[in-house]
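Note sheet for the following structure.
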Amino acid sequence: MPSGVIPSPKTGRELVDEYFIENRTRLLEIAAYLDRLDRSDPSLVDRDFRVRAFREALRLLEDRPAAAGEPQTRVERIQHLLSDPTTEPLEKLDVKSARGAYDRWQMGVA
Amino acid sequence: MRYIDLHAHMVSRSTDDYVKMALTGCVAVTEPAFWAGWDRSSADGFEDYFRQLTDFEPKRAAIYGIRHFAWLCLNPKEGEDRQLAREVLRRIPRYLESPTVLGIGEIGLNRVTRNEIATFRDHVDLAIEHDQLIHIHTPHLEDKYKGTRTIVDLLSEYDRIDPSRVMIDHAEEHTLPMILENGFWTGLTLYPQTKVSPERAIDMFERYGTDRICVASACDWGPSLPDAVPHFALAMRRRGHAADLIDRIIYQNPIAFLGQSPKFDVGTTPRPGESAATVSPRNPTDAKSSAGVAAA
């Protein structure tokens, strides 16, 4: 990943010291959320596009170099996975509010 | 610490929120016209809202020593109704004369429909005709990338648009580069759930610098924090950033953008009719603004 315009005042070690615990907490929250869904209905990943998108986004957290034409950062890769990739306007308003992920699988919600 | 909240829907907030903002160093807010959470039934409903934004709310803010400015429009959530949009747009020009109106906003797109785009164009034309600054909302969540792309492309069709007089707000990691590359200002909205956390906002400043980027609370009737900007400043300090860099982002940058309107200033002298005594929620005699709105 390219270096930023404004250097981080903290070293890598200092960032880990300062932020590890709160991000460990977030990691466990996600794990617990997935376990909760599994206890409730393990088939959701095949029946609800939001769950499918969430699972696919987790794969983008893997530590690997960006592929050709792919965004450099994990957060941008996930933003694009969740985004509507179409370019044509809708003919008319369908729903008032967004749902957080684009249903690229035409799966609908459970 | 001193700061300007460039995007705050104060009509949805309590007096306690004004106190919290004043205590944390807020000297001015700008309030774009937005969706009430339900569709207004008529253009008359918008007219009452515009009176609230241009008359009552500046007086309420002044009680706490905060300058209040507004942007006017029919918001993107209601932009699908073309007939209503035309009627509301017809009524906006006379409010642009108000001493606290900075421009047209927050216009933009919601689900990126053909009618929303037509309403967006009408607002841009109005802003050009009246030489106004423009404040633009970009869509939420999965619609943000497509909506931002569409807005940037539409604006590039106008010869008479100066991008340095346009704020394309609610940027995130995947939309910020295209906004900056085309010369526009942008804003990062500090929300507890959607949009951007203080930590992610700081990441974007570290990656792209501070030129033409502001932060704001966009506090409204949903989950949001009226003191989101000072929370951001605290997060900046925790990351080790210097006070002058923080001041540039939360005070100097908003002034650089908003100061393009001759109406914007953050002076401490009350403007005519802005005296705190004008509206006192505790005194029923004073509890009517000149707009005729009961204060409490």
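By convention in this document, the chains of the structure tokens carry letters A, B, ... by their order, each chain's residues are numbered from 1, and ligands are numbered from 1 in the order they are shown.
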
Please identify which residues in segment 64-235 of chain B DSSP calls strand (DSSP E) from the backbone, and express them as a ChimeraX atom specification.
/B:67-72,101-108,133-137,166-168,185-189,213-216

Using only C-alpha atoms, please write the residues we just selected to a file, as a PDB file, in the first residue's frame.
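Output file again_16.pdb is given in full below:
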ATOM      1  CA  ARG B  67     -23.665  31.297  14.337  1.00  0.00           C
ATOM      2  CA  HIS B  68     -26.243  29.456  12.248  1.00  0.00           C
ATOM      3  CA  PHE B  69     -26.308  29.412   8.439  1.00  0.00           C
ATOM      4  CA  ALA B  70     -28.527  27.457   6.057  1.00  0.00           C
ATOM      5  CA  TRP B  71     -28.691  25.856   2.622  1.00  0.00           C
ATOM      6  CA  LEU B  72     -32.034  25.513   0.841  1.00  0.00           C
ATOM      7  CA  VAL B 101     -28.465  31.509   3.514  1.00  0.00           C
ATOM      8  CA  LEU B 102     -25.182  30.381   1.948  1.00  0.00           C
ATOM      9  CA  GLY B 103     -26.455  28.496  -1.071  1.00  0.00           C
ATOM     10  CA  ILE B 104     -28.376  25.549  -2.511  1.00  0.00           C
ATOM     11  CA  GLY B 105     -28.239  22.247  -0.620  1.00  0.00           C
ATOM     12  CA  GLU B 106     -28.194  19.497   0.259  1.00  0.00           C
ATOM     13  CA  ILE B 107     -29.212  18.515  -3.234  1.00  0.00           C
ATOM     14  CA  GLY B 108     -28.063  15.263  -4.788  1.00  0.00           C
ATOM     15  CA  LEU B 133     -22.522  27.895  -3.442  1.00  0.00           C
ATOM     16  CA  ILE B 134     -23.703  24.278  -3.793  1.00  0.00           C
ATOM     17  CA  HIS B 135     -23.815  21.592  -1.109  1.00  0.00           C
ATOM     18  CA  ILE B 136     -24.405  18.040  -2.349  1.00  0.00           C
ATOM     19  CA  HIS B 137     -25.581  14.894  -0.552  1.00  0.00           C
ATOM     20  CA  VAL B 166     -19.171  22.914  -4.701  1.00  0.00           C
ATOM     21  CA  MET B 167     -19.075  20.562  -1.693  1.00  0.00           C
ATOM     22  CA  ILE B 168     -19.800  16.908  -2.509  1.00  0.00           C
ATOM     23  CA  TRP B 185     -14.558  20.086  -1.935  1.00  0.00           C
ATOM     24  CA  THR B 186     -15.682  17.082   0.055  1.00  0.00           C
ATOM     25  CA  GLY B 187     -16.851  16.195   3.533  1.00  0.00           C
ATOM     26  CA  LEU B 188     -16.425  13.165   5.768  1.00  0.00           C
ATOM     27  CA  THR B 189     -19.497  12.493   7.886  1.00  0.00           C
ATOM     28  CA  ILE B 213     -11.647  18.045   2.931  1.00  0.00           C
ATOM     29  CA  CYS B 214     -13.850  18.867   5.924  1.00  0.00           C
ATOM     30  CA  VAL B 215     -15.474  16.789   8.653  1.00  0.00           C
ATOM     31  CA  ALA B 216     -18.986  17.218  10.050  1.00  0.00           C
TER      32      ALA B 216
END

Would you give me, as a list in words, the residues of chain B that come within 6 Å of chain A, using only C-alpha atoms?
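Putting it all together, I get Val112, Thr113, Arg114, Leu141, Glu142, Asp143, Glu173, His174, Glu206, Arg207, Tyr208, Gly209 and Gly240 of chain B.
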
Create the file for the chosen residues now, containing N, CA and C atoms and written as a PDB file, in the first residue's frame.
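Output saved as out_15.pdb:
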ATOM      1  N   VAL B 112     -30.745   7.202  -7.232  1.00  0.00           N
ATOM      2  CA  VAL B 112     -30.240   7.447  -8.592  1.00  0.00           C
ATOM      3  C   VAL B 112     -31.296   7.095  -9.646  1.00  0.00           C
ATOM      4  N   THR B 113     -32.430   7.748  -9.549  1.00  0.00           N
ATOM      5  CA  THR B 113     -33.497   7.564 -10.542  1.00  0.00           C
ATOM      6  C   THR B 113     -33.454   8.711 -11.553  1.00  0.00           C
ATOM      7  N   ARG B 114     -34.184   8.523 -12.654  1.00  0.00           N
ATOM      8  CA  ARG B 114     -34.221   9.573 -13.687  1.00  0.00           C
ATOM      9  C   ARG B 114     -34.867  10.847 -13.149  1.00  0.00           C
ATOM     10  N   LEU B 141     -24.789   4.060   1.560  1.00  0.00           N
ATOM     11  CA  LEU B 141     -24.438   2.643   1.504  1.00  0.00           C
ATOM     12  C   LEU B 141     -24.159   2.146   0.077  1.00  0.00           C
ATOM     13  N   GLU B 142     -24.919   1.112  -0.378  1.00  0.00           N
ATOM     14  CA  GLU B 142     -24.583   0.508  -1.673  1.00  0.00           C
ATOM     15  C   GLU B 142     -24.815   1.450  -2.854  1.00  0.00           C
ATOM     16  N   ASP B 143     -25.568   2.534  -2.614  1.00  0.00           N
ATOM     17  CA  ASP B 143     -25.840   3.484  -3.701  1.00  0.00           C
ATOM     18  C   ASP B 143     -24.801   4.603  -3.792  1.00  0.00           C
ATOM     19  N   GLU B 173     -14.090   6.001   1.504  1.00  0.00           N
ATOM     20  CA  GLU B 173     -12.810   5.636   0.900  1.00  0.00           C
ATOM     21  C   GLU B 173     -12.909   5.430  -0.613  1.00  0.00           C
ATOM     22  N   HIS B 174     -14.037   4.866  -1.073  1.00  0.00           N
ATOM     23  CA  HIS B 174     -14.160   4.526  -2.492  1.00  0.00           C
ATOM     24  C   HIS B 174     -14.678   5.687  -3.346  1.00  0.00           C
ATOM     25  N   GLU B 206      -4.623  11.092   6.446  1.00  0.00           N
ATOM     26  CA  GLU B 206      -3.218  10.666   6.336  1.00  0.00           C
ATOM     27  C   GLU B 206      -2.889  10.250   4.903  1.00  0.00           C
ATOM     28  N   ARG B 207      -3.854   9.663   4.204  1.00  0.00           N
ATOM     29  CA  ARG B 207      -3.590   9.195   2.839  1.00  0.00           C
ATOM     30  C   ARG B 207      -3.636  10.319   1.798  1.00  0.00           C
ATOM     31  N   TYR B 208      -4.580  11.251   1.981  1.00  0.00           N
ATOM     32  CA  TYR B 208      -4.828  12.241   0.923  1.00  0.00           C
ATOM     33  C   TYR B 208      -4.478  13.678   1.305  1.00  0.00           C
ATOM     34  N   GLY B 209      -4.124  13.932   2.549  1.00  0.00           N
ATOM     35  CA  GLY B 209      -3.841  15.293   2.976  1.00  0.00           C
ATOM     36  C   GLY B 209      -5.114  16.008   3.414  1.00  0.00           C
ATOM     37  N   GLY B 240      -1.823  11.031  17.761  1.00  0.00           N
ATOM     38  CA  GLY B 240      -0.558  11.748  17.845  1.00  0.00           C
ATOM     39  C   GLY B 240      -0.446  12.955  16.944  1.00  0.00           C
TER      40      GLY B 240
END

I'd like the neighbourhood of Ile246 of chain B as a list of chain:residue names, where a residue qualifies if any of its atoms comes within 8 Å (using only C-alpha atoms), though same-chain residues fewer than 5 positions away should be ignored.
B:Ala233, B:Met236, B:His241

Residues near Arg74 of chain A, cut-off 9 Å, only C-alpha atoms, skip fewer than 4 positions along chain, as a PyMOL selection string
chain A and resi 60-63+66+78-79

Residues from last step as file, C-alpha atoms, as a compact mmCIF listing (two decimals), in the first residue's frame:
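New file again.txt:
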# COMPACT_ATOMS: atom_id res chain seq x y z
CA LEU A 60 -11.19 -9.59 1.45
CA LEU A 61 -9.58 -9.08 4.84
CA GLU A 62 -6.87 -11.58 3.91
CA ASP A 63 -3.37 -10.18 3.79
CA ALA A 66 -3.81 -6.15 -4.70
CA ILE A 78 -15.04 -4.19 0.60
CA GLN A 79 -16.74 -0.89 -0.29

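Remark: for Ala31 of chain A, the closest of the candidate residues A:Arg47, A:Arg104, A:Arg64, A:Arg55 is A:Arg55 (distances computed over only C-alpha atoms).
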